[in-house]
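Engineer: Take a look at this one; I'll ask things after.
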Amino acid sequence: MNTEFMKGVIVPILTPIDAEERIDEAKLREQVDYVIEGGVLGILAFGSNGEFYVIEEDEMERGLKIMLDQAAGRVPVYFGIGAISTKKCCRLAKMAAENGAAGVSILQPMFLKPTEAELFLHFKTVAESVPETPVLLYNNPGRVGYTMSAGLVDRLAHEVPNIVGMKDTSGDITQTAEFIRRTRDVGFKVFGGKDTLLYASMCHGAVGGVCTAANFMPELITDVYNKFVAGDLQGSLEAQFKLNPVRLSMDGASFPVAAKDMANLRGRQIGVPYTPNLPTPEGPVLDRIKAEMKTAGLI
């Protein structure tokens, strides 16, 4: 299975919505163009910052079709799956594959506390439902309450042919390195999932990162990647250090609204999050976000 296209900064693209919480097609098309022009090498539809957990399946399919049409082959478009049940994950994976997604990303089931055996069967079953489609695992312990083990990822990478990579948002660089070390013999593609650790992840062999920051400062996060692959390690590190204060300022806000707040501050007119979330109110959190964006020359 060809996975050479899996590299670089992939953006978990924001989902603009109208007053009825329907996807705003015009704004979504504008955002697709913005991130591609900003240098990303892939788009992830309905990742965590795409607010997948509140979007109905028919809206997901409509949104995916819009993104694929607007991207028009310029970059691959991946589809994020975060359902709890294996059956629903399979249904979403098939829908994405039928519509032409370049790959699917599967988050470990939230709310549950599954065993390793249950997790292995879950991922294997979903991957086998779309055997010709590349599948990425998505490890996000901060949101689901538990992590994938290196042993589980090792086994999936070696035993399920179309599980070809992963996004690791553990924030634990040792764990990211273990995922890479144990799967490198089969060309498994590991992406860093923390914007602040893109440089560090690539130093250990990651092929890029799935980076929220690319939604509102693509020029900064892609600079980290581009300089690294060009061999300018010092320049890449400095780009990382320029980015980090802006990215860290988001942590005081309610998840995941800061990404839309910051896009709006840059004039993107992305709009508001899905309820029950609300835009970050005026106050110290928003003040810090604005201050760090100004220091970085973004506003």
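Residue names in the structure tokens use chain letters A, B, ... in the order shown, residue numbers from 1 in each chain, and ligand numbers from 1 in the order shown.
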Skip range 262-265 of chain A itself and residues of its chain fewer than 3 positions away, then list as a compact mmCIF listing (two decimals) with all heavy atoms, in the first residue's frame all residues within 8 Å of it, counting only C-alpha atoms.
Structural biologist:
```txt
# COMPACT_ATOMS: atom_id res chain seq x y z
N ASN A 215 -4.54 25.78 11.52
CA ASN A 215 -5.81 26.42 11.20
C ASN A 215 -5.73 27.93 11.21
O ASN A 215 -6.50 28.60 10.52
CB ASN A 215 -6.89 25.98 12.20
CG ASN A 215 -7.52 24.66 11.84
OD1 ASN A 215 -8.21 24.55 10.84
ND2 ASN A 215 -7.30 23.65 12.68
N PHE A 216 -4.82 28.49 12.02
CA PHE A 216 -4.78 29.94 12.16
C PHE A 216 -3.38 30.53 12.05
O PHE A 216 -3.23 31.74 11.96
CB PHE A 216 -5.42 30.37 13.50
CG PHE A 216 -4.87 29.67 14.70
CD1 PHE A 216 -3.73 30.14 15.34
CD2 PHE A 216 -5.49 28.52 15.19
CE1 PHE A 216 -3.23 29.49 16.45
CE2 PHE A 216 -4.98 27.87 16.30
CZ PHE A 216 -3.84 28.35 16.93
N ALA A 258 -10.61 27.65 21.59
CA ALA A 258 -9.53 28.61 21.35
C ALA A 258 -9.09 28.65 19.88
O ALA A 258 -8.72 29.71 19.37
CB ALA A 258 -8.34 28.30 22.24
N ALA A 259 -9.13 27.50 19.21
CA ALA A 259 -8.70 27.48 17.81
C ALA A 259 -9.60 28.36 16.95
O ALA A 259 -9.12 29.10 16.07
CB ALA A 259 -8.70 26.05 17.27
N ARG A 268 -10.17 35.34 10.07
CA ARG A 268 -10.64 34.22 9.27
C ARG A 268 -12.17 34.13 9.22
O ARG A 268 -12.73 33.46 8.38
CB ARG A 268 -10.09 32.89 9.84
CG ARG A 268 -8.59 32.74 9.80
CD ARG A 268 -8.05 32.72 8.38
NE ARG A 268 -8.80 31.80 7.55
CZ ARG A 268 -9.21 32.08 6.33
NH1 ARG A 268 -8.99 33.25 5.78
NH2 ARG A 268 -9.88 31.18 5.64
N GLN A 269 -12.88 34.73 10.18
CA GLN A 269 -14.35 34.69 10.23
C GLN A 269 -14.86 33.24 10.24
O GLN A 269 -15.77 32.88 9.49
CB GLN A 269 -14.96 35.48 9.07
CG GLN A 269 -14.59 36.96 9.10
CD GLN A 269 -15.24 37.76 7.98
OE1 GLN A 269 -15.66 37.20 6.96
NE2 GLN A 269 -15.32 39.06 8.15
N ILE A 270 -14.27 32.45 11.12
CA ILE A 270 -14.65 31.05 11.25
C ILE A 270 -15.96 30.90 12.02
O ILE A 270 -16.69 29.94 11.85
CB ILE A 270 -13.51 30.26 11.96
CG1 ILE A 270 -12.35 30.06 10.98
CG2 ILE A 270 -13.99 28.93 12.51
CD1 ILE A 270 -12.68 29.18 9.78
N GLY A 271 -16.27 31.85 12.89
CA GLY A 271 -17.52 31.79 13.64
C GLY A 271 -17.37 31.13 14.99
O GLY A 271 -16.26 31.02 15.54
N ILE A 289 -4.04 35.19 25.08
CA ILE A 289 -4.03 34.73 23.69
C ILE A 289 -3.68 35.88 22.75
O ILE A 289 -2.80 35.77 21.89
CB ILE A 289 -5.40 34.12 23.32
CG1 ILE A 289 -5.60 32.76 24.01
CG2 ILE A 289 -5.55 33.98 21.81
CD1 ILE A 289 -6.99 32.17 23.86
N LYS A 290 -4.35 37.01 22.94
CA LYS A 290 -4.08 38.18 22.08
C LYS A 290 -2.65 38.66 22.23
O LYS A 290 -1.98 39.00 21.24
CB LYS A 290 -5.05 39.31 22.43
CG LYS A 290 -6.50 39.04 22.03
CD LYS A 290 -7.39 40.19 22.49
CE LYS A 290 -8.84 39.98 22.10
NZ LYS A 290 -9.72 41.08 22.60
N ILE A 299 -1.15 39.19 14.80
CA ILE A 299 -2.22 40.21 14.79
C ILE A 299 -1.60 41.57 15.11
O ILE A 299 -0.49 41.64 15.62
CB ILE A 299 -3.37 39.89 15.76
CG1 ILE A 299 -2.86 39.74 17.19
CG2 ILE A 299 -4.11 38.65 15.32
CD1 ILE A 299 -3.98 39.55 18.20
```
Engineer: Please run DSSP on the backbone and report, as a list in words, all residues within range 50-160 of chain A that come out as strand (DSSP E).
Structural biologist: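 The strand (DSSP E) residues within range 50-160 of chain A come out as Val77, Tyr78, Phe79, Gly80, Ile81, Gly103, Val104, Ser105, Ile106, Leu107, Val135, Leu136, Leu137, Tyr138 and Asn139 of chain A.
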Engineer: Nearest to Tyr199 in chain A: which of A:Ile221, A:Leu28, A:Leu237, A:Met166 is it, counting only C-alpha atoms?
Structural biologist: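 Closest candidate: A:Leu237.
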Engineer: Might you pull out every residue within 12 Å of Lys242 in chain A, with only C-alpha atoms counted and same-chain residues fewer than 2 positions away left off, and present them as an MDAnalysis selection string?
Structural biologist: chainID A and resid 195:196 217 219:221 223:224 235:240 244:248 292:298
Engineer: I need the residues from that last selection saved to file as a short mmCIF file (atom, residue, chain, number, x, y, z; two decimals), in the first residue's frame (with N, CA and C atoms), if you can.
Structural biologist:
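As a result, again_24.cif now contains:
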```
data_model
loop_
_atom_site.label_atom_id
_atom_site.label_comp_id
_atom_site.auth_asym_id
_atom_site.auth_seq_id
_atom_site.Cartn_x
_atom_site.Cartn_y
_atom_site.Cartn_z
N ASP A 195 1.37 20.18 18.90
CA ASP A 195 2.02 21.22 18.11
C ASP A 195 3.36 21.63 18.72
N THR A 196 3.41 21.69 20.04
CA THR A 196 4.62 22.13 20.74
C THR A 196 5.75 21.13 20.66
N MET A 217 -2.34 29.70 12.08
CA MET A 217 -0.98 30.19 11.82
C MET A 217 -0.19 29.14 11.06
N GLU A 219 1.67 29.36 8.54
CA GLU A 219 3.02 29.76 8.16
C GLU A 219 4.04 29.46 9.24
N LEU A 220 3.62 29.47 10.53
CA LEU A 220 4.55 29.18 11.62
C LEU A 220 4.78 27.69 11.79
N ILE A 221 3.73 26.91 11.80
CA ILE A 221 3.89 25.47 12.05
C ILE A 221 4.52 24.76 10.85
N ASP A 223 6.66 26.09 8.94
CA ASP A 223 8.06 26.52 8.96
C ASP A 223 8.92 25.54 9.78
N VAL A 224 8.35 25.02 10.87
CA VAL A 224 9.06 24.03 11.68
C VAL A 224 9.37 22.80 10.83
N GLY A 235 17.20 26.34 12.60
CA GLY A 235 16.08 27.17 12.15
C GLY A 235 14.74 26.55 12.51
N SER A 236 14.65 25.23 12.40
CA SER A 236 13.43 24.52 12.76
C SER A 236 13.14 24.68 14.25
N LEU A 237 14.16 24.55 15.07
CA LEU A 237 13.98 24.69 16.51
C LEU A 237 13.55 26.10 16.86
N GLU A 238 14.14 27.10 16.23
CA GLU A 238 13.75 28.48 16.50
C GLU A 238 12.30 28.72 16.07
N ALA A 239 11.90 28.13 14.96
CA ALA A 239 10.50 28.25 14.53
C ALA A 239 9.56 27.61 15.54
N GLN A 240 9.99 26.47 16.11
CA GLN A 240 9.20 25.82 17.15
C GLN A 240 9.07 26.72 18.38
N ASN A 244 5.56 28.10 20.10
CA ASN A 244 5.09 27.51 21.34
C ASN A 244 4.32 28.45 22.28
N PRO A 245 4.77 29.69 22.51
CA PRO A 245 4.00 30.55 23.42
C PRO A 245 2.58 30.81 22.93
N VAL A 246 2.41 30.92 21.62
CA VAL A 246 1.07 31.12 21.07
C VAL A 246 0.23 29.88 21.32
N ARG A 247 0.80 28.72 21.02
CA ARG A 247 0.05 27.48 21.20
C ARG A 247 -0.28 27.22 22.66
N LEU A 248 0.64 27.51 23.56
CA LEU A 248 0.41 27.28 24.99
C LEU A 248 -0.65 28.22 25.55
N GLU A 292 0.07 36.96 23.11
CA GLU A 292 1.05 36.06 22.49
C GLU A 292 0.95 36.12 20.97
N MET A 293 -0.25 36.28 20.45
CA MET A 293 -0.41 36.41 19.00
C MET A 293 0.26 37.69 18.50
N LYS A 294 0.13 38.77 19.27
CA LYS A 294 0.78 40.03 18.88
C LYS A 294 2.29 39.91 18.91
N THR A 295 2.80 39.24 19.96
CA THR A 295 4.25 39.08 20.08
C THR A 295 4.80 38.28 18.90
N ALA A 296 4.04 37.30 18.43
CA ALA A 296 4.46 36.47 17.30
C ALA A 296 4.21 37.15 15.94
N GLY A 297 3.63 38.34 15.97
CA GLY A 297 3.37 39.06 14.73
C GLY A 297 2.17 38.55 13.94
N LEU A 298 1.26 37.88 14.64
CA LEU A 298 0.09 37.30 13.94
C LEU A 298 -1.07 38.26 13.85
#
```
Engineer: Measuring atom to atom with only C-alpha atoms, identify which of A:Ile13, A:Ala206, A:Met148, A:Leu119 is nearest to Asn49 in chain A.
Structural biologist: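 Using only C-alpha atoms, Asn49 in chain A sits closest to A:Ile13.
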Engineer: What is the CA of Val257 in chain A-CA of Thr212 in chain A distance in Å, reported with one decimal?
Structural biologist: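 One can read the CA of Val257 in chain A to CA of Thr212 in chain A distance as 11.5 Å.
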Engineer: List the spatial neighbours of range 159-163 of chain A as a list in words - criterion: any atom at most 8 Å away, only C-alpha atoms, same-chain residues fewer than 2 positions off excluded.
Structural biologist: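 Everything that qualifies: Met1, Lys124, Ala127, Glu128, Pro131, Glu132, Thr133, Pro134, Val135, Leu136, Leu137, Arg155, Leu156, Ala157 and Gly165 of chain A.
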Engineer: Would you put the residues from that selection into a file with N, CA, C and O atoms, as a PDB file, in the first residue's frame?
Structural biologist:
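This is the output file again.pdb:
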```
ATOM      1  N   MET A   1       0.848  -1.195   0.000  1.00  0.00           N
ATOM      2  CA  MET A   1       0.000   0.000   0.000  1.00  0.00           C
ATOM      3  C   MET A   1       0.886   1.248   0.000  1.00  0.00           C
ATOM      4  O   MET A   1       1.785   1.374   0.834  1.00  0.00           O
ATOM      5  N   LYS A 124      -8.796  -3.663  14.392  1.00  0.00           N
ATOM      6  CA  LYS A 124      -8.659  -4.636  13.312  1.00  0.00           C
ATOM      7  C   LYS A 124      -9.957  -4.728  12.511  1.00  0.00           C
ATOM      8  O   LYS A 124      -9.943  -4.741  11.277  1.00  0.00           O
ATOM      9  N   ALA A 127     -10.483  -1.525  10.401  1.00  0.00           N
ATOM     10  CA  ALA A 127      -9.549  -1.515   9.270  1.00  0.00           C
ATOM     11  C   ALA A 127      -9.948  -2.523   8.207  1.00  0.00           C
ATOM     12  O   ALA A 127      -9.889  -2.226   7.002  1.00  0.00           O
ATOM     13  N   GLU A 128     -10.378  -3.698   8.618  1.00  0.00           N
ATOM     14  CA  GLU A 128     -10.753  -4.732   7.650  1.00  0.00           C
ATOM     15  C   GLU A 128     -12.050  -4.403   6.916  1.00  0.00           C
ATOM     16  O   GLU A 128     -12.324  -4.982   5.868  1.00  0.00           O
ATOM     17  N   PRO A 131     -10.485  -2.478   3.475  1.00  0.00           N
ATOM     18  CA  PRO A 131      -9.158  -3.065   3.309  1.00  0.00           C
ATOM     19  C   PRO A 131      -8.242  -2.345   2.326  1.00  0.00           C
ATOM     20  O   PRO A 131      -7.018  -2.497   2.410  1.00  0.00           O
ATOM     21  N   GLU A 132      -8.792  -1.569   1.412  1.00  0.00           N
ATOM     22  CA  GLU A 132      -7.972  -0.846   0.430  1.00  0.00           C
ATOM     23  C   GLU A 132      -7.657   0.582   0.863  1.00  0.00           C
ATOM     24  O   GLU A 132      -6.991   1.314   0.135  1.00  0.00           O
ATOM     25  N   THR A 133      -8.121   0.968   2.046  1.00  0.00           N
ATOM     26  CA  THR A 133      -7.945   2.339   2.532  1.00  0.00           C
ATOM     27  C   THR A 133      -6.904   2.382   3.639  1.00  0.00           C
ATOM     28  O   THR A 133      -6.982   1.608   4.589  1.00  0.00           O
ATOM     29  N   PRO A 134      -5.919   3.276   3.555  1.00  0.00           N
ATOM     30  CA  PRO A 134      -4.951   3.426   4.644  1.00  0.00           C
ATOM     31  C   PRO A 134      -5.639   3.881   5.930  1.00  0.00           C
ATOM     32  O   PRO A 134      -6.506   4.764   5.905  1.00  0.00           O
ATOM     33  N   VAL A 135      -5.244   3.271   7.039  1.00  0.00           N
ATOM     34  CA  VAL A 135      -5.826   3.574   8.344  1.00  0.00           C
ATOM     35  C   VAL A 135      -4.740   4.086   9.284  1.00  0.00           C
ATOM     36  O   VAL A 135      -3.666   3.493   9.395  1.00  0.00           O
ATOM     37  N   LEU A 136      -5.042   5.191   9.949  1.00  0.00           N
ATOM     38  CA  LEU A 136      -4.175   5.748  10.979  1.00  0.00           C
ATOM     39  C   LEU A 136      -4.841   5.569  12.336  1.00  0.00           C
ATOM     40  O   LEU A 136      -6.042   5.838  12.482  1.00  0.00           O
ATOM     41  N   LEU A 137      -4.088   5.108  13.322  1.00  0.00           N
ATOM     42  CA  LEU A 137      -4.559   5.094  14.694  1.00  0.00           C
ATOM     43  C   LEU A 137      -4.433   6.508  15.260  1.00  0.00           C
ATOM     44  O   LEU A 137      -3.600   7.291  14.810  1.00  0.00           O
ATOM     45  N   ARG A 155       1.677  -4.520  17.536  1.00  0.00           N
ATOM     46  CA  ARG A 155       0.930  -5.675  17.002  1.00  0.00           C
ATOM     47  C   ARG A 155       0.026  -5.271  15.838  1.00  0.00           C
ATOM     48  O   ARG A 155      -0.008  -5.946  14.801  1.00  0.00           O
ATOM     49  N   LEU A 156      -0.687  -4.162  15.977  1.00  0.00           N
ATOM     50  CA  LEU A 156      -1.570  -3.707  14.898  1.00  0.00           C
ATOM     51  C   LEU A 156      -0.773  -3.364  13.639  1.00  0.00           C
ATOM     52  O   LEU A 156      -1.167  -3.703  12.529  1.00  0.00           O
ATOM     53  N   ALA A 157       0.367  -2.703  13.824  1.00  0.00           N
ATOM     54  CA  ALA A 157       1.199  -2.314  12.687  1.00  0.00           C
ATOM     55  C   ALA A 157       1.720  -3.523  11.927  1.00  0.00           C
ATOM     56  O   ALA A 157       1.880  -3.485  10.702  1.00  0.00           O
ATOM     57  N   GLY A 165      -0.151   3.756  10.032  1.00  0.00           N
ATOM     58  CA  GLY A 165       0.421   4.878  10.750  1.00  0.00           C
ATOM     59  C   GLY A 165      -0.453   5.291  11.914  1.00  0.00           C
ATOM     60  O   GLY A 165      -1.450   4.656  12.231  1.00  0.00           O
TER      61      GLY A 165
END
```
Engineer: Which value, in Å to one decimal, gives the distance between CA of Gly103 in chain A and CA of Phe52 in chain A?
Structural biologist: 16.3 Å
